[in-house]
Amino acid sequence: MVEKPKPALIEPTDAIVRVTMSSICTSDLHIKHGSVPRAVPGITVGHEMVGVVEEVGEEVTNVKPGDRVTVNVETFCGECFFCKNGYVNNCTNSNGGWALGCRIDGGQTEYVRVPLANQGLNRIPDTVSDEQALFVGDVLATGFWAARISEIAKDDTVLIIGAGPTGICTLLCVMLKQPKRIIVCEKSEERRSFVQEHYPDVLLTTPEACRAFVLQNSDHGGADRVLEVAGAGDTFRLAWECARPNAIVTVVALYDQPQVLPLPKMYGKNLTFKTGGVDGCDCEEVLRLIEAGKIDTTSLITHRFPLSEIEEAYRIFENKLDGVIKVAII
Ligand SMILES: [Zn+2]
Ligand SMILES: [Zn+2]
C-alpha cells in the first residue's frame, strides 16, 4: 500500500470513478509473481470494481457524475474492425484490451481513471447492489462469454473443468442455457462441496474419475461441450479426452506452460477448439440478468475486507485459506 495522487482526467473520453468495492483476481496474482510481461512495474493493480462516477470528460455521454457503474476489465473504442465485430479484447486502440490494473493504474484504490468511458462503464440498475454487480466487468463477463461461444443446446451434456471463481461464474451462465446435464470436475473437496451446496442439480466429479464419469453420464461417448476453466498441468488434455467426437471444446483457462495438441491421437475426433481471452461486451445484458434475478454471484463473496487490510485479503486469497472463493474490498 502506497499513497498516490488522486487521478485526473487526461482525455475527453475519460471518466474518474470513486471505487466503492473491488476484488482480487487470479490475474492480479500473476502480475504479483511477474508472469504478465506487459504489466507495468509499480502500477496500481485491480480490474474488478464497481463505483460512482465522480467526473467525466466532455465526450462522455453514456454516464454522468453520481451514476453507480460497473467498470469493464477491457478498454475498447467501439469503432475499430474488432470492436465492431464484438471482439473487443482485440481492440486496436493503444489502450485497447486489458489495460486497467496492468498497463495503467487500476482499481484496488479509492479513485480510478477509466479511459474510453462510454464503452467501459455500465450503469448499475437501482435495485442491484454493489455486491451483486461486483463481478460483471471481469470474471462474470468471462463466464458469460465462455457459455455464449460454446453454442450450448438443450440436449447437451456440458462438462466444466474447474470450480474456482471463473469456473463457478461459467457454471451460472451455462445454467442459463438449460442443457440436459452439467458436470463439474474439480479437484478441491472444499470447492466441490461449495458447488454441491449451492447448485444441487449439478453432477460432480474429480480429475481422476472424470473420464469414466463423463462416459457414464453422457449420451454419445463423451461431453457435447467442454469448457476448460482450470488451467492446471493436465486439464487441457482432460478437456479434449472427455469430449465426444465433433464436440466443441472452449478453453477459457490461462496456462503457465505451453500445451500439447496431439493431432495424430485426435485424428477423426473432429473437435472444434475455441480459445482465448474474454470479449467483455455483454455487461449490459449481464446486468439485466442480475436485475431479473437470473444470475446471482453474491455467494462467491466469502470474505470482506476494508481497503486498509488488503494485504491480509491477498494472503487469504492467494493461499486459498478459510474456504475463500472471492474477496470484496470495501
Ligand atoms: Zn481478472
Ligand atoms: Zn476498438
# chains A, B, ... in the order shown; residues from 1 in each chain; ligands from 1

$ closest_atom_pairs --of "chain A" --to "ligand 2" --cutoff "6 Å" --atoms "only C-alpha atoms and all ligand atoms" --output "JSON lines"
{"residue": "A:Phe76", "atom": "CA", "partner": "ligand 2", "partner_atom_place_in_ligand_line": "1 (Zn)", "distance": 4.8}
{"residue": "A:Cys77", "atom": "CA", "partner": "ligand 2", "partner_atom_place_in_ligand_line": "1 (Zn)", "distance": 4.0}
{"residue": "A:Gly78", "atom": "CA", "partner": "ligand 2", "partner_atom_place_in_ligand_line": "1 (Zn)", "distance": 4.8}
{"residue": "A:Glu79", "atom": "CA", "partner": "ligand 2", "partner_atom_place_in_ligand_line": "1 (Zn)", "distance": 5.2}
{"residue": "A:Cys80", "atom": "CA", "partner": "ligand 2", "partner_atom_place_in_ligand_line": "1 (Zn)", "distance": 4.1}
{"residue": "A:Phe82", "atom": "CA", "partner": "ligand 2", "partner_atom_place_in_ligand_line": "1 (Zn)", "distance": 5.9}
{"residue": "A:Cys83", "atom": "CA", "partner": "ligand 2", "partner_atom_place_in_ligand_line": "1 (Zn)", "distance": 4.3}
{"residue": "A:Cys91", "atom": "CA", "partner": "ligand 2", "partner_atom_place_in_ligand_line": "1 (Zn)", "distance": 3.6}
{"residue": "A:Thr92", "atom": "CA", "partner": "ligand 2", "partner_atom_place_in_ligand_line": "1 (Zn)", "distance": 5.2}
{"residue": "A:Asn93", "atom": "CA", "partner": "ligand 2", "partner_atom_place_in_ligand_line": "1 (Zn)", "distance": 5.6}

$ closest_atom_pairs --of "chain A" --to "ligand 1" --cutoff "6 Å" --atoms "only C-alpha atoms and all ligand atoms" --output "CSV"
residue,atom,partner,partner_atom_place_in_ligand_line,distance
A:Cys25,CA,ligand 1,1 (Zn),4.6
A:Ser27,CA,ligand 1,1 (Zn),5.1
A:Asp138,CA,ligand 1,1 (Zn),5.4
A:Val139,CA,ligand 1,1 (Zn),5.9

$ write_last_selection --atoms "C-alpha atoms" --output "CSV table (one decimal), in the first residue's frame"
chain,number,residue,atom,x,y,z
A,25,CYS,CA,-8.5,-11.7,-9.3
A,27,SER,CA,-4.6,-12.4,-12.8
A,138,ASP,CA,-14.4,-9.4,-15.4
A,139,VAL,CA,-14.9,-12.8,-14.0

$ closest_atom_pairs --of "region 161-182 of chain A" --to "region 225-240 of chain A" --cutoff "9 Å" --atoms "only C-alpha atoms" --output "CSV"
residue,atom,partner,partner_atom,distance
A:Ile161,CA,A:Glu228,CA,4.9
A:Gly162,CA,A:Ala230,CA,4.3
A:Ala163,CA,A:Ala230,CA,7.5
A:Gly164,CA,A:Ala230,CA,7.6
A:Thr166,CA,A:Val229,CA,6.9
A:Gly167,CA,A:Val229,CA,5.6
A:Thr170,CA,A:Val229,CA,8.2

$ write_last_selection --atoms "N, CA and C atoms" --output "compact mmCIF listing (two decimals), in the first residue's frame"
# COMPACT_ATOMS: atom_id res chain seq x y z
N ILE A 161 -14.58 -27.86 -16.48
CA ILE A 161 -13.41 -28.28 -15.69
C ILE A 161 -12.91 -27.08 -14.89
N GLY A 162 -12.98 -27.21 -13.56
CA GLY A 162 -12.54 -26.13 -12.67
C GLY A 162 -13.71 -25.42 -12.03
N ALA A 163 -13.74 -25.37 -10.70
CA ALA A 163 -14.81 -24.68 -9.99
C ALA A 163 -14.24 -23.61 -9.08
N GLY A 164 -13.25 -22.89 -9.60
CA GLY A 164 -12.81 -21.67 -8.94
C GLY A 164 -13.79 -20.56 -9.28
N THR A 166 -13.91 -18.28 -11.64
CA THR A 166 -14.31 -18.21 -13.06
C THR A 166 -15.12 -19.43 -13.45
N GLY A 167 -14.75 -20.59 -12.92
CA GLY A 167 -15.50 -21.81 -13.19
C GLY A 167 -16.93 -21.70 -12.71
N THR A 170 -18.82 -19.35 -14.88
CA THR A 170 -19.12 -20.06 -16.13
C THR A 170 -20.31 -20.99 -15.92

$ closest_residue --among "A:Thr75, A:Glu131, A:Cys185, A:His47" --to "His303 (chain A)" --atoms "only C-alpha atoms"
A:Glu131

$ atom_distance --atom1 "CA of Thr302 (chain A)" --atom2 "CA of Val324 (chain A)"
5.6 Å

$ residues_around --residues "Leu176 (chain A)" --least-positions-apart "6" --cutoff "10 Å" --atoms "only C-alpha atoms" --output "list of chain:residue names"
A:Phe144, A:Ala147, A:Leu289, A:Lys294, A:Ile295

$ write_last_selection --atoms "all heavy atoms" --output "compact mmCIF listing (two decimals), in the first residue's frame"
# COMPACT_ATOMS: atom_id res chain seq x y z
N PHE A 144 -19.79 -15.56 -18.97
CA PHE A 144 -20.89 -15.32 -19.91
C PHE A 144 -20.41 -15.53 -21.34
O PHE A 144 -21.09 -16.18 -22.15
CB PHE A 144 -21.40 -13.88 -19.73
CG PHE A 144 -22.71 -13.62 -20.42
CD1 PHE A 144 -23.91 -14.02 -19.86
CD2 PHE A 144 -22.74 -12.97 -21.65
CE1 PHE A 144 -25.12 -13.79 -20.49
CE2 PHE A 144 -23.95 -12.73 -22.29
CZ PHE A 144 -25.14 -13.14 -21.72
N ALA A 147 -19.80 -19.28 -22.07
CA ALA A 147 -21.04 -20.01 -22.31
C ALA A 147 -21.61 -19.64 -23.68
O ALA A 147 -22.13 -20.49 -24.40
CB ALA A 147 -22.06 -19.70 -21.21
N LEU A 289 -29.72 -9.42 -16.52
CA LEU A 289 -29.99 -10.76 -16.00
C LEU A 289 -29.90 -10.78 -14.47
O LEU A 289 -30.65 -11.47 -13.79
CB LEU A 289 -29.02 -11.77 -16.61
CG LEU A 289 -29.29 -12.10 -18.09
CD1 LEU A 289 -28.08 -12.77 -18.73
CD2 LEU A 289 -30.53 -12.98 -18.23
N LYS A 294 -31.78 -13.69 -12.52
CA LYS A 294 -31.38 -14.92 -13.23
C LYS A 294 -29.91 -15.29 -13.02
O LYS A 294 -29.52 -16.43 -13.27
CB LYS A 294 -31.68 -14.76 -14.73
CG LYS A 294 -33.17 -14.66 -14.95
CD LYS A 294 -33.54 -14.75 -16.40
CE LYS A 294 -35.07 -14.87 -16.52
NZ LYS A 294 -35.58 -14.39 -17.78
N ILE A 295 -29.10 -14.33 -12.61
CA ILE A 295 -27.71 -14.63 -12.23
C ILE A 295 -27.47 -14.00 -10.86
O ILE A 295 -27.80 -12.84 -10.66
CB ILE A 295 -26.68 -14.03 -13.22
CG1 ILE A 295 -26.88 -14.55 -14.64
CG2 ILE A 295 -25.26 -14.37 -12.77
CD1 ILE A 295 -25.88 -13.97 -15.65

$ closest_atom_pairs --of "region 224-326 of chain A" --to "region 109-115 of chain A" --cutoff "12 Å" --atoms "only C-alpha atoms" --output "tab-separated table"
residue	atom	partner	partner_atom	distance
A:Pro306	CA	A:Thr109	CA	10.7
A:Leu307	CA	A:Thr109	CA	7.3
A:Ser308	CA	A:Thr109	CA	9.6
A:Glu309	CA	A:Thr109	CA	11.8
A:Ile310	CA	A:Thr109	CA	9.9

$ residues_around --residues "Thr70 (chain A)" --least-positions-apart "6" --cutoff "9 Å" --atoms "only C-alpha atoms" --output "PyMOL selection string"
chain A and resi 48-52+120-124+130+133-137+283

$ write_last_selection --atoms "N, CA and C atoms" --output "short mmCIF file (atom, residue, chain, number, x, y, z; two decimals), in the first residue's frame"
data_model
loop_
_atom_site.label_atom_id
_atom_site.label_comp_id
_atom_site.auth_asym_id
_atom_site.auth_seq_id
_atom_site.Cartn_x
_atom_site.Cartn_y
_atom_site.Cartn_z
N GLU A 48 -11.30 -5.51 -11.17
CA GLU A 48 -12.68 -5.90 -10.88
C GLU A 48 -13.19 -4.89 -9.88
N MET A 49 -14.12 -4.03 -10.29
CA MET A 49 -14.57 -2.99 -9.36
C MET A 49 -15.91 -2.41 -9.78
N VAL A 50 -16.58 -1.83 -8.79
CA VAL A 50 -17.76 -1.00 -9.06
C VAL A 50 -17.54 0.31 -8.32
N GLY A 51 -18.27 1.34 -8.72
CA GLY A 51 -18.07 2.63 -8.07
C GLY A 51 -19.10 3.65 -8.49
N VAL A 52 -18.80 4.91 -8.17
CA VAL A 52 -19.69 6.02 -8.50
C VAL A 52 -18.89 7.00 -9.37
N GLY A 120 -16.54 1.57 -21.48
CA GLY A 120 -16.01 0.82 -20.33
C GLY A 120 -16.87 0.86 -19.08
N LEU A 121 -17.86 1.76 -19.03
CA LEU A 121 -18.70 1.86 -17.84
C LEU A 121 -20.13 1.48 -18.18
N ASN A 122 -20.78 0.75 -17.28
CA ASN A 122 -22.20 0.43 -17.43
C ASN A 122 -22.93 0.81 -16.16
N ARG A 123 -24.06 1.47 -16.33
CA ARG A 123 -24.86 1.90 -15.16
C ARG A 123 -25.44 0.67 -14.46
N ILE A 124 -25.35 0.67 -13.14
CA ILE A 124 -25.92 -0.42 -12.35
C ILE A 124 -27.38 -0.07 -12.05
N ASP A 130 -24.00 -3.25 -4.96
CA ASP A 130 -22.59 -3.32 -5.36
C ASP A 130 -22.10 -4.78 -5.36
N ALA A 133 -23.22 -6.66 -8.35
CA ALA A 133 -22.64 -6.20 -9.63
C ALA A 133 -21.13 -6.35 -9.70
N LEU A 134 -20.50 -6.74 -8.57
CA LEU A 134 -19.04 -6.66 -8.47
C LEU A 134 -18.28 -7.40 -9.57
N PHE A 135 -18.82 -8.55 -10.03
CA PHE A 135 -18.04 -9.38 -10.96
C PHE A 135 -18.43 -9.19 -12.42
N VAL A 136 -19.35 -8.25 -12.68
CA VAL A 136 -19.87 -8.07 -14.04
C VAL A 136 -18.78 -7.76 -15.05
N GLY A 137 -17.81 -6.93 -14.65
CA GLY A 137 -16.82 -6.45 -15.61
C GLY A 137 -15.69 -7.41 -15.91
N CYS A 283 -21.81 -6.65 -20.89
CA CYS A 283 -22.05 -6.26 -19.49
C CYS A 283 -23.47 -5.75 -19.25
#
